[in-house]
>>> print(open('input12.tsv').read())   # TSV, C-alpha atoms and all ligand atoms
chain	number	residue	atom	x	y	z
F	1185	MET	CA	0.00	0.00	0.00
F	1186	SER	CA	1.38	3.40	-0.94
F	1187	VAL	CA	2.05	6.09	1.64
F	1188	ASN	CA	-0.56	8.35	0.02
F	1189	ARG	CA	-3.18	5.63	0.12
F	1190	ARG	CA	-2.30	4.95	3.74
F	1191	ARG	CA	-2.70	8.65	4.54
F	1192	PHE	CA	-6.08	8.70	2.81
F	1193	LEU	CA	-7.27	5.62	4.67
F	1194	GLY	CA	-5.84	6.94	7.91
F	1195	ALA	CA	-7.74	10.19	7.50
F	1196	ALA	CA	-10.87	8.23	6.73
F	1197	LEU	CA	-10.43	6.24	9.94
F	1198	GLY	CA	-10.13	9.44	11.91
F	1199	ALA	CA	-6.54	8.72	12.95
F	1200	ALA	CA	-3.26	8.47	11.12
F	1201	ILE	CA	-2.24	4.92	10.31
F	1202	PRO	CA	1.54	4.83	10.04
F	1203	ALA	CA	3.00	2.43	7.52
F	1204	GLY	CA	3.46	-1.01	9.03
F	1205	VAL	CA	6.48	-3.17	8.35
F	1206	SER	CA	4.38	-5.98	6.95
F	1207	GLY	CA	0.88	-7.23	7.42
F	1208	ALA	CA	-1.35	-5.18	9.71
F	1209	PRO	CA	-0.70	-1.44	9.81
F	1210	ALA	CA	1.39	-0.41	12.82
F	1211	GLY	CA	-0.75	0.17	15.87
F	1212	GLN	CA	-3.41	-2.23	14.63
F	1213	PRO	CA	-3.95	-5.78	15.88
F	1214	ARG	CA	-1.71	-8.30	14.11
F	1215	PHE	CA	-3.74	-11.44	14.71
F	1216	LYS	CA	-7.41	-12.34	14.82
F	1217	ALA	CA	-6.94	-13.28	18.47
F	1218	ASP	CA	-5.99	-9.63	19.19
F	1219	LEU	CA	-9.24	-8.17	17.88
F	1220	PHE	CA	-11.89	-6.77	20.16
F	1221	THR	CA	-15.36	-8.06	19.46
F	1222	PRO	CA	-17.71	-7.64	17.78
F	1223	ALA	CA	-15.52	-7.16	14.71
F	1224	LEU	CA	-16.14	-7.46	10.98
F	1225	LEU	CA	-13.80	-9.96	9.33
F	1226	LEU	CA	-12.92	-10.66	5.71
F	1227	ASP	CA	-11.30	-13.93	4.73
F	1228	LEU	CA	-8.98	-12.69	1.99
F	1229	ASP	CA	-8.44	-16.07	0.32
F	1230	VAL	CA	-12.17	-16.58	-0.10
F	1231	PHE	CA	-12.80	-12.96	-1.09
F	1232	GLU	CA	-10.09	-13.06	-3.76
F	1233	SER	CA	-11.46	-16.29	-5.14
F	1234	ASN	CA	-14.98	-14.78	-5.36
F	1235	VAL	CA	-13.68	-11.67	-7.14
F	1236	LYS	CA	-11.71	-13.77	-9.62
F	1237	ARG	CA	-14.52	-16.21	-10.27
F	1238	MET	CA	-16.96	-13.43	-11.17
F	1239	ALA	CA	-14.41	-11.59	-13.33
F	1240	ASP	CA	-13.51	-14.84	-15.14
F	1241	HIS	CA	-17.17	-15.59	-15.77
F	1242	TYR	CA	-17.79	-12.25	-17.46
F	1243	ARG	CA	-14.52	-12.34	-19.35
F	1244	GLN	CA	-15.49	-15.71	-20.82
F	1245	ALA	CA	-19.03	-14.50	-21.51
F	1246	GLY	CA	-17.64	-11.45	-23.33
F	1247	ILE	CA	-19.65	-9.07	-21.17
F	1248	GLY	CA	-18.73	-6.31	-18.73
F	1249	HIS	CA	-19.30	-6.09	-15.01
F	1250	ARG	CA	-19.55	-3.00	-12.85
F	1251	PRO	CA	-19.99	-4.41	-9.32
F	1252	HIS	CA	-22.25	-2.63	-6.88
F	1253	ALA	CA	-20.17	-0.92	-4.18
F	1254	LYS	CA	-23.20	-0.40	-1.94
F	1255	THR	CA	-22.29	-3.88	-0.72
F	1256	HIS	CA	-18.91	-2.83	0.67
F	1257	LYS	CA	-18.52	0.99	0.66
F	1258	CYS	CA	-14.81	0.32	0.66
F	1259	PRO	CA	-12.45	1.89	-1.91
F	1260	GLU	CA	-9.84	-0.84	-1.42
F	1261	ILE	CA	-12.37	-3.49	-2.42
F	1262	ALA	CA	-13.45	-1.41	-5.42
F	1263	ARG	CA	-9.81	-1.09	-6.47
F	1264	ARG	CA	-9.40	-4.86	-6.36
F	1265	GLN	CA	-12.59	-5.41	-8.36
F	1266	VAL	CA	-11.38	-3.01	-11.04
F	1267	SER	CA	-7.94	-4.65	-11.07
F	1268	ALA	CA	-9.67	-7.97	-11.71
F	1269	GLY	CA	-11.41	-6.54	-14.78
F	1270	ALA	CA	-14.48	-4.59	-13.64
F	1271	LEU	CA	-15.47	-1.51	-15.68
F	1272	GLY	CA	-15.78	0.54	-12.50
F	1273	VAL	CA	-18.31	0.32	-9.67
F	1274	CYS	CA	-21.95	1.19	-9.07
F	1275	LEU	CA	-23.03	3.36	-6.15
F	1276	ALA	CA	-26.32	3.78	-4.32
F	1277	THR	CA	-25.70	7.22	-2.78
F	1278	VAL	CA	-23.96	10.49	-3.54
F	1279	PRO	CA	-21.57	10.10	-0.56
F	1280	GLU	CA	-20.57	6.67	-1.88
F	1281	ALA	CA	-19.84	8.25	-5.27
F	1282	GLU	CA	-17.79	10.99	-3.59
F	1283	ALA	CA	-15.84	8.47	-1.52
F	1284	MET	CA	-14.98	6.32	-4.54
F	1285	ALA	CA	-14.10	9.34	-6.68
F	1286	ALA	CA	-11.82	10.67	-3.91
F	1287	ALA	CA	-10.07	7.30	-3.86
F	1288	GLY	CA	-9.44	7.54	-7.60
F	1289	ILE	CA	-11.92	4.86	-8.71
F	1290	ARG	CA	-13.14	5.52	-12.25
F	1291	GLY	CA	-16.17	4.30	-14.17
F	1292	LEU	CA	-18.78	5.17	-11.55
F	1293	LEU	CA	-22.52	4.61	-12.02
F	1294	LEU	CA	-25.00	6.05	-9.54
F	1295	THR	CA	-27.93	3.63	-9.68
F	1296	SER	CA	-30.42	5.43	-7.39
F	1297	PRO	CA	-32.69	8.34	-8.30
F	1298	ILE	CA	-31.24	11.66	-7.13
F	1299	VAL	CA	-33.91	14.37	-6.86
F	1300	GLU	CA	-32.65	16.78	-4.22
F	1301	PRO	CA	-31.11	19.76	-6.01
F	1302	ARG	CA	-28.15	20.02	-3.62
F	1303	LYS	CA	-27.26	16.38	-4.18
F	1304	ILE	CA	-27.60	16.86	-7.92
F	1305	ASP	CA	-25.18	19.77	-7.67
F	1306	ARG	CA	-22.68	17.52	-5.89
F	1307	VAL	CA	-22.85	14.92	-8.65
F	1308	VAL	CA	-22.44	17.60	-11.31
F	1309	GLN	CA	-19.46	18.93	-9.38
F	1310	LEU	CA	-17.87	15.45	-9.33
F	1311	ASN	CA	-18.19	15.31	-13.11
F	1312	ARG	CA	-16.96	18.86	-13.52
F	1313	LEU	CA	-13.79	17.86	-11.66
F	1314	GLY	CA	-13.22	15.06	-14.16
F	1315	ASN	CA	-14.65	12.06	-12.34
F	1316	GLU	CA	-16.78	9.86	-14.55
F	1317	VAL	CA	-20.05	9.56	-12.68
F	1318	MET	CA	-22.90	8.29	-14.83
F	1319	LEU	CA	-26.44	8.55	-13.43
F	1320	ALA	CA	-29.54	6.41	-13.80
F	1321	VAL	CA	-32.60	8.66	-14.20
F	1322	GLY	CA	-36.19	7.51	-14.11
F	1323	HIS	CA	-38.46	10.55	-14.06
F	1324	ALA	CA	-39.03	13.67	-16.18
F	1325	ARG	CA	-38.51	16.00	-13.20
F	1326	GLU	CA	-35.23	14.30	-12.34
F	1327	VAL	CA	-34.07	14.75	-15.93
F	1328	GLN	CA	-35.08	18.40	-15.85
F	1329	LEU	CA	-33.20	19.12	-12.60
F	1330	LEU	CA	-30.09	17.29	-13.79
F	1331	GLY	CA	-30.23	18.82	-17.27
F	1332	GLU	CA	-30.48	22.33	-15.86
F	1333	ALA	CA	-27.71	21.79	-13.30
F	1334	ALA	CA	-25.43	20.32	-15.99
F	1335	ALA	CA	-26.11	23.32	-18.25
F	1336	THR	CA	-25.42	25.79	-15.44
F	1337	SER	CA	-21.93	24.37	-14.99
F	1338	SER	CA	-21.42	23.50	-18.69
F	1339	THR	CA	-20.64	19.93	-17.66
F	1340	THR	CA	-21.63	16.96	-19.79
F	1341	ILE	CA	-23.26	14.17	-17.77
F	1342	ASP	CA	-23.77	10.62	-19.03
F	1343	VAL	CA	-27.12	9.09	-18.13
F	1344	LEU	CA	-28.89	5.75	-18.31
F	1345	ILE	CA	-32.66	5.49	-18.27
F	1346	ASP	CA	-33.62	3.58	-15.15
F	1347	LEU	CA	-36.32	1.06	-16.07
F	1348	ASP	CA	-38.79	-0.53	-13.68
F	1349	ILE	CA	-38.86	-4.04	-15.07
F	1350	GLY	CA	-40.94	-5.55	-12.30
F	1351	ASP	CA	-39.69	-4.75	-8.84
F	1352	ARG	CA	-41.86	-1.62	-8.66
F	1353	ARG	CA	-39.29	0.38	-6.76
F	1354	THR	CA	-37.58	2.99	-8.91
F	1355	GLY	CA	-37.41	3.78	-12.59
F	1356	ILE	CA	-39.78	4.52	-15.44
F	1357	LEU	CA	-41.91	1.89	-17.10
F	1358	PRO	CA	-40.35	0.21	-20.15
F	1359	GLY	CA	-41.55	0.80	-23.71
F	1360	PRO	CA	-43.17	4.12	-24.72
F	1361	PRO	CA	-42.71	5.91	-21.34
F	1362	ALA	CA	-38.97	5.18	-21.52
F	1363	LEU	CA	-38.85	6.38	-25.14
F	1364	GLU	CA	-40.54	9.60	-24.08
F	1365	LEU	CA	-37.89	10.09	-21.39
F	1366	ALA	CA	-35.16	9.47	-23.98
F	1367	ARG	CA	-36.67	12.23	-26.12
F	1368	GLN	CA	-36.68	14.59	-23.14
F	1369	ILE	CA	-33.05	13.78	-22.33
F	1370	GLY	CA	-32.23	14.61	-25.94
F	1371	THR	CA	-33.47	18.18	-25.43
F	1372	TYR	CA	-30.76	18.88	-22.84
F	1373	ARG	CA	-27.47	19.85	-24.40
F	1374	PHE	CA	-25.33	18.66	-21.51
F	1375	LEU	CA	-27.02	15.28	-20.96
F	1376	ARG	CA	-25.75	12.33	-23.00
F	1377	LEU	CA	-27.93	9.22	-23.14
F	1378	ARG	CA	-25.70	6.15	-22.93
F	1379	GLY	CA	-28.25	3.39	-22.38
F	1380	LEU	CA	-30.55	1.68	-19.92
F	1381	GLN	CA	-30.41	0.38	-16.38
F	1382	ALA	CA	-32.71	-2.54	-15.60
F	1383	TYR	CA	-32.28	-4.00	-12.12
F	1384	ALA	CA	-34.62	-6.91	-11.43
F	1385	GLY	CA	-34.52	-6.92	-7.64
F	1386	HIS	CA	-37.54	-9.22	-7.55
F	1387	ALA	CA	-35.55	-11.90	-9.42
F	1388	SER	CA	-32.30	-11.89	-7.48
F	1389	HIS	CA	-33.37	-14.02	-4.49
F	1390	VAL	CA	-35.93	-16.30	-6.12
F	1391	VAL	CA	-35.34	-19.76	-4.63
F	1392	GLY	CA	-34.49	-22.45	-7.19
F	1393	PHE	CA	-32.31	-21.82	-10.23
F	1394	ASP	CA	-34.90	-22.64	-12.90
F	1395	HIS	CA	-37.56	-20.47	-11.33
F	1396	ARG	CA	-35.07	-17.65	-10.88
F	1397	ARG	CA	-34.00	-17.91	-14.50
F	1398	LYS	CA	-37.62	-17.66	-15.65
F	1399	VAL	CA	-38.35	-14.56	-13.53
F	1400	SER	CA	-35.12	-12.84	-14.55
F	1401	ARG	CA	-35.53	-13.59	-18.26
F	1402	GLU	CA	-39.09	-12.27	-18.29
F	1403	ALA	CA	-37.97	-9.09	-16.57
F	1404	MET	CA	-34.89	-8.54	-18.72
F	1405	ALA	CA	-36.91	-9.15	-21.90
F	1406	ARG	CA	-38.74	-5.89	-21.17
F	1407	ALA	CA	-35.42	-4.09	-21.01
F	1408	VAL	CA	-34.12	-5.65	-24.24
F	1409	GLU	CA	-37.34	-4.73	-26.04
F	1410	THR	CA	-37.01	-1.15	-24.81
F	1411	LYS	CA	-33.41	-1.02	-25.96
F	1412	GLU	CA	-34.55	-2.14	-29.43
F	1413	LEU	CA	-37.38	0.41	-29.42
F	1414	LEU	CA	-34.89	3.16	-28.63
F	1415	ALA	CA	-32.57	1.96	-31.37
F	1416	ARG	CA	-35.43	1.94	-33.93
F	1417	SER	CA	-36.31	5.48	-32.79
F	1418	GLY	CA	-32.82	6.76	-33.45
F	1419	PHE	CA	-31.28	6.60	-29.96
F	1420	ALA	CA	-27.94	4.87	-29.82
F	1421	ALA	CA	-28.43	3.62	-26.27
F	1422	VAL	CA	-25.62	1.10	-26.11
F	1423	ILE	CA	-25.39	0.13	-22.45
F	1424	LEU	CA	-27.86	-2.25	-20.83
F	1425	SER	CA	-26.90	-2.69	-17.19
F	1426	GLY	CA	-28.69	-4.88	-14.65
F	1427	GLY	CA	-28.43	-8.15	-12.81
F	1428	SER	CA	-27.44	-9.37	-9.39
F	1429	THR	CA	-25.41	-12.08	-7.70
F	1430	GLY	CA	-28.39	-14.42	-7.88
F	1431	THR	CA	-28.74	-14.03	-11.66
F	1432	TYR	CA	-25.11	-13.42	-12.65
F	1433	ASN	CA	-24.95	-16.45	-14.97
F	1434	ILE	CA	-28.53	-16.07	-16.18
F	1435	ASP	CA	-28.39	-12.46	-17.39
F	1436	SER	CA	-25.00	-12.91	-19.04
F	1437	ASP	CA	-26.73	-15.22	-21.57
F	1438	ILE	CA	-29.25	-12.59	-22.63
F	1439	ALA	CA	-28.44	-10.88	-25.94
F	1440	GLY	CA	-28.42	-7.11	-25.54
F	1441	VAL	CA	-27.23	-7.05	-21.92
F	1442	THR	CA	-23.82	-5.35	-21.87
F	1443	GLU	CA	-22.85	-5.24	-18.21
F	1444	LEU	CA	-23.92	-6.63	-14.84
F	1445	GLN	CA	-24.01	-4.81	-11.51
F	1446	VAL	CA	-23.42	-7.74	-9.15
F	1447	GLY	CA	-22.87	-6.88	-5.50
F	1448	SER	CA	-23.07	-9.52	-2.77
F	1449	TYR	CA	-20.92	-12.14	-4.52
F	1450	ILE	CA	-17.75	-10.81	-2.89
F	1451	PHE	CA	-19.05	-11.53	0.64
F	1452	MET	CA	-22.10	-13.79	0.35
F	1453	ASP	CA	-24.55	-14.19	3.21
F	1454	VAL	CA	-27.07	-16.62	4.65
F	1455	ASP	CA	-29.89	-15.04	2.64
F	1456	TYR	CA	-28.09	-15.69	-0.64
F	1457	ARG	CA	-26.87	-19.17	0.22
F	1458	ARG	CA	-30.41	-20.46	0.65
F	1459	ILE	CA	-31.59	-19.47	-2.88
F	1460	GLY	CA	-29.96	-22.59	-4.32
F	1461	GLY	CA	-27.59	-22.97	-7.24
F	1462	GLN	CA	-27.65	-24.80	-10.54
F	1463	SER	CA	-26.64	-28.03	-8.86
F	1464	GLY	CA	-28.01	-27.98	-5.35
F	1465	ALA	CA	-30.10	-26.48	-2.57
F	1466	VAL	CA	-27.25	-24.28	-1.35
F	1467	TYR	CA	-25.91	-21.56	-3.62
F	1468	THR	CA	-22.19	-22.30	-3.61
F	1469	ASP	CA	-20.91	-20.47	-6.72
F	1470	PHE	CA	-19.41	-17.95	-4.32
F	1471	GLN	CA	-18.35	-18.68	-0.75
F	1472	PRO	CA	-18.89	-16.65	2.42
F	1473	SER	CA	-15.86	-14.43	3.00
F	1474	LEU	CA	-17.48	-12.06	5.48
F	1475	SER	CA	-18.16	-12.83	9.13
F	1476	VAL	CA	-18.70	-11.16	12.46
F	1477	LEU	CA	-16.41	-12.20	15.29
F	1478	THR	CA	-18.12	-12.40	18.68
F	1479	THR	CA	-17.36	-13.40	22.27
F	1480	VAL	CA	-19.48	-15.48	24.63
F	1481	VAL	CA	-20.17	-13.05	27.47
F	1482	SER	CA	-22.71	-14.87	29.65
F	1483	THR	CA	-23.36	-18.52	30.48
F	1484	SER	CA	-25.80	-18.40	33.40
F	1485	HIS	CA	-28.30	-20.81	31.89
F	1486	ALA	CA	-27.90	-24.48	31.07
F	1487	ASP	CA	-29.81	-24.18	27.78
F	1488	ARG	CA	-28.19	-21.07	26.28
F	1489	VAL	CA	-25.19	-18.77	26.21
F	1490	THR	CA	-25.03	-15.13	25.20
F	1491	VAL	CA	-22.71	-13.50	22.63
F	1492	ASP	CA	-21.91	-9.80	22.28
F	1493	ALA	CA	-23.57	-9.35	18.88
F	1494	GLY	CA	-27.14	-8.13	18.63
F	1495	THR	CA	-28.83	-5.87	16.11
F	1496	LYS	CA	-26.02	-3.30	16.35
F	1497	ALA	CA	-23.54	-5.89	15.11
F	1498	LEU	CA	-25.55	-8.08	12.74
F	1499	ALA	CA	-28.25	-6.71	10.45
F	1500	THR	CA	-31.29	-8.89	11.01
F	1501	ASP	CA	-33.65	-7.45	8.38
F	1502	VAL	CA	-34.07	-10.86	6.73
F	1503	PRO	CA	-35.72	-13.86	8.41
F	1504	HIS	CA	-32.55	-15.96	8.37
F	1505	ARG	CA	-30.31	-16.38	11.38
F	1506	PRO	CA	-26.57	-15.81	11.55
F	1507	GLU	CA	-24.72	-19.14	11.15
F	1508	ALA	CA	-21.77	-19.99	13.40
F	1509	ARG	CA	-18.76	-21.17	11.39
F	1510	GLY	CA	-17.83	-24.74	12.31
F	1511	ARG	CA	-20.83	-25.13	14.64
F	1512	PRO	CA	-23.93	-25.88	12.55
F	1513	ASP	CA	-25.64	-27.15	15.72
F	1514	LEU	CA	-25.75	-23.65	17.26
F	1515	VAL	CA	-28.96	-21.68	16.84
F	1516	TYR	CA	-28.69	-17.90	17.17
F	1517	SER	CA	-31.60	-15.84	18.50
F	1518	ARG	CA	-31.73	-12.10	18.71
F	1519	ALA	CA	-31.54	-10.80	22.28
F	1520	GLY	CA	-31.70	-7.06	21.76
F	1521	ASP	CA	-29.34	-4.39	20.50
F	1522	GLU	CA	-26.15	-5.72	22.07
F	1523	PHE	CA	-26.64	-9.47	22.42
F	1524	GLY	CA	-27.65	-12.72	20.80
F	1525	THR	CA	-28.27	-16.05	22.50
F	1526	LEU	CA	-27.12	-19.45	21.31
F	1527	SER	CA	-28.70	-22.80	21.97
F	1528	SER	CA	-27.54	-26.09	20.57
F	1529	THR	CA	-29.32	-28.87	18.72
F	1530	ALA	CA	-26.42	-31.20	19.59
F	1531	GLY	CA	-23.09	-30.83	21.32
F	1532	PRO	CA	-21.92	-28.72	24.25
F	1533	LEU	CA	-22.52	-25.00	24.45
F	1534	PRO	CA	-19.48	-22.73	24.11
F	1535	ALA	CA	-17.81	-21.55	27.31
F	1536	LEU	CA	-17.53	-18.03	28.69
F	1537	GLY	CA	-14.92	-16.12	26.73
F	1538	ASP	CA	-15.06	-18.44	23.68
F	1539	ARG	CA	-15.02	-16.62	20.38
F	1540	LEU	CA	-17.30	-17.54	17.49
F	1541	GLU	CA	-17.56	-16.29	13.91
F	1542	PHE	CA	-20.92	-15.87	12.26
F	1543	ILE	CA	-21.79	-15.80	8.59
F	1544	VAL	CA	-24.09	-12.79	8.39
F	1545	PRO	CA	-27.77	-12.99	7.39
F	1546	HIS	CA	-27.52	-9.98	5.03
F	1547	CYS	CA	-24.15	-8.58	4.04
F	1548	ASP	CA	-24.84	-5.00	2.83
F	1549	PRO	CA	-26.61	-3.64	5.93
F	1550	THR	CA	-24.21	-5.51	8.23
F	1551	VAL	CA	-21.19	-3.85	6.62
F	1552	ASN	CA	-22.96	-0.51	7.05
F	1553	LEU	CA	-22.79	-1.04	10.84
F	1554	TYR	CA	-18.97	-1.00	10.93
F	1555	ASP	CA	-16.25	1.59	10.49
F	1556	ARG	CA	-13.66	-0.90	9.29
F	1557	ILE	CA	-13.15	-4.39	8.04
F	1558	TYR	CA	-10.27	-6.58	9.16
F	1559	ALA	CA	-8.78	-8.33	6.13
F	1560	LEU	CA	-7.36	-11.65	7.34
F	1561	ARG	CA	-4.96	-14.11	5.76
F	1562	GLY	CA	-5.62	-17.15	7.90
F	1563	ASP	CA	-5.38	-15.85	11.47
F	1564	ARG	CA	-3.15	-12.89	10.55
F	1565	VAL	CA	-4.55	-9.38	10.07
F	1566	GLU	CA	-3.12	-8.46	6.68
F	1567	ASP	CA	-4.83	-5.09	6.42
F	1568	VAL	CA	-7.54	-2.88	7.87
F	1569	TRP	CA	-9.86	-1.18	5.40
F	1570	PRO	CA	-12.19	1.71	6.22
F	1571	ILE	CA	-15.84	1.50	5.30
F	1572	LEU	CA	-16.85	4.94	4.08
F	1573	ALA	CA	-20.08	6.88	3.55
F	1574	ARG	CA	-21.98	4.78	6.04
F	1575	LYS	CA	-25.57	5.90	6.32
F	1576	GLU	CA	-25.37	5.88	10.11
F	1577	ASN	CA	-22.54	8.41	10.03
F	1578	VAL	CA	-24.66	10.90	8.17
F	1579	LYS	CA	-26.19	13.11	10.78
F	1580	ASP	CA	-26.02	16.63	9.41
F	1581	GLY	CA	-28.85	16.26	6.91
F	1582	SER	CA	-26.61	17.14	3.97
F	1583	ARG	CA	-26.51	13.57	2.75
F	1601	LIG	C1	-29.66	-1.27	-8.25
F	1601	LIG	C2	-28.94	-2.48	-7.75
F	1601	LIG	N1	-28.06	-3.12	-8.57
F	1601	LIG	C3	-27.38	-4.20	-8.17
F	1601	LIG	C4	-27.51	-4.71	-6.87
F	1601	LIG	C5	-26.64	-5.87	-6.46
F	1601	LIG	O1	-27.35	-6.96	-6.12
F	1601	LIG	P1	-26.70	-8.22	-5.35
F	1601	LIG	O2	-26.12	-7.74	-4.08
F	1601	LIG	O3	-27.93	-9.03	-5.14
F	1601	LIG	O4	-25.72	-8.81	-6.27
F	1601	LIG	C6	-28.42	-4.09	-6.01
F	1601	LIG	C7	-28.62	-4.65	-4.65
F	1601	LIG	O5	-29.54	-4.40	-3.94
F	1601	LIG	C8	-29.14	-2.95	-6.44
F	1601	LIG	O6	-29.99	-2.32	-5.62
>>> encode(input="input12.tsv", output="structure tokens", more="lines below")
Ligand SMILES: Cc1ncc(COP(=O)(O)O)c(C=O)c1O
Amino acid sequence: MSVNRRRFLGAALGAAIPAGVSGAPAGQPRFKADLFTPALLLDLDVFESNVKRMADHYRQAGIGHRPHAKTHKCPEIARRQVSAGALGVCLATVPEAEAMAAAGIRGLLLTSPIVEPRKIDRVVQLNRLGNEVMLAVGHAREVQLLGEAAATSSTTIDVLIDLDIGDRRTGILPGPPALELARQIGTYRFLRLRGLQAYAGHASHVVGFDHRRKVSREAMARAVETKELLARSGFAAVILSGGSTGTYNIDSDIAGVTELQVGSYIFMDVDYRRIGGQSGAVYTDFQPSLSVLTTVVSTSHADRVTVDAGTKALATDVPHRPEARGRPDLVYSRAGDEFGTLSSTAGPLPALGDRLEFIVPHCDPTVNLYDRIYALRGDRVEDVWPILARKENVKDGSR
């Protein structure tokens, strides 16, 4: 890691991190056993294998990938994804875009609608300073605000039309409404239409590969038809971006799709593992690299013990429980903000002070709970990476 990068990361952590001799930065724990809990861990061997596997898949398929950085909010991870062959990264928020741009990551795509004028100004400013931040827009008013802000600063902004292809969340309806939006974009001198975004969130976690493929193909067909409609109407909208970890090898077979915005594959989580893969009930194309390290802090009852990880340490927005690595018999139950309890279906309960690692139920919101991620090679802390632009850190209303 370069000195400049270290300074940047140090500033982001709120304290200078002097260059270490090797492995963990000086002043940081050197081994997993040194970490205070709860702590967010990344198994580097597994993470690297996930990054490579996805990049290899798209290389062989002859298609691009621009992974979603909302999953990690971590410039170092983005840098590694780009080094492996990604076109850049996607972002969900303006602060994420600013953090990645400040870290020198190029090829940014903001996938969420941005309608607050001050946020729009910030994105225009990023582009004015030479960062490539493309935006997905899904409403006439959004286009108007962006088009006017771009004109005011004479800055050309690349846009994709955000299509609602079935998850009824953001975006304009495919077909004629999207064509109408393309025409409106064409009236703004400083907006450049580059293509379409079509994220099928309702397809990503469908259980069972064949069912998932059906749902995703039906959804993406609407996007491909719209792309063809735009082409027939004289719009050279080249990009068609969509997809997810659950459909990574489904969408890459669809003619017209040019790039995929996969996110969770780098970490994986319990929610994704249970959707099933092509060859089994557990989705194993990518392996869990992310976990939360906890300590058993209370053992007063014969039927349960308590660990120091509750809702402040493990996002529990999905119905699935955290899974203890190496102890499939342990059943985690939420016990408030700070704690979780463990019972066992077989085998002895852990003792006071024992440390356990949990595969997280849902990776994105769990990462958002932490300031840093400990990157481990085996039991050694190889690096410490800051997690930036966390929503919880945003208290001044400007974000
Ligand atoms: C717009 C958009 N694109 C891509 C993704 C990545 O999906 P996944 O983490 O399922 O790969 C998400 C995740 O929620 C998303 O909201």
>>> residues_near_point(input="input12.tsv", point="(-36.1, 8.6, -23.4)", cutoff="12 Å", atoms="only C-alpha atoms", output="PyMOL selection string")
chain F and resi 1320-1324+1327+1343-1347+1355-1372+1375-1380+1410-1411+1413-1415+1417-1421
>>> residues_near_ligand(input="input12.tsv", ligand="ligand LIG 1601 (chain F)", cutoff="8 Å", atoms="only C-alpha atoms and all ligand atoms", output="ChimeraX atom specification")
/F:1251-1252,1254-1255,1274,1276,1295-1296,1383,1385,1388-1389,1426-1430,1432,1444-1449,1548
>>> closest_residue(input="input12.tsv", among="F:Ala1217, F:Val1476, F:Met1238, F:Leu1319", to="Gln1381 of chain F", atoms="all atoms listed in the file")
F:Leu1319
>>> residues_around(input="input12.tsv", residues="Ser1517 of chain F", least_positions_apart="3", cutoff="10 Å", atoms="all atoms listed in the file", output="list in words")
Arg1488, Thr1490, Gly1494, Arg1505, Pro1506, Leu1514, Gly1520, Phe1523, Gly1524, Thr1525, Leu1526 and Ser1527 of chain F
>>> closest_residue(input="input12.tsv", among="F:Leu1553, F:Val1491, F:Ala1333, F:Val1408", to="Gln1309 of chain F", atoms="all atoms listed in the file")
F:Ala1333
>>> closest_residue(input="input12.tsv", among="F:Met1452, F:Leu1313, F:Val1489, F:Ser1338", to="Gly1537 of chain F", atoms="all atoms listed in the file")
F:Val1489
>>> closest_residue(input="input12.tsv", among="F:Arg1353, F:Arg1243, F:Arg1264, F:Tyr1456", to="Pro1297 of chain F", atoms="only C-alpha atoms")
F:Arg1353
>>> closest_residue(input="input12.tsv", among="F:Ile1450, F:Ile1543, F:Asp1351, F:Thr1495", to="Asp1521 of chain F", atoms="only C-alpha atoms")
F:Thr1495
>>> atom_distance(input="input12.tsv", atom1="atom CA of Val1466 of chain F", atom2="atom CA of His1395 of chain F")
14.8 Å
>>> atom_distance(input="input12.tsv", atom1="atom CA of His1241 of chain F", atom2="atom CA of Gly1269 of chain F")
10.8 Å
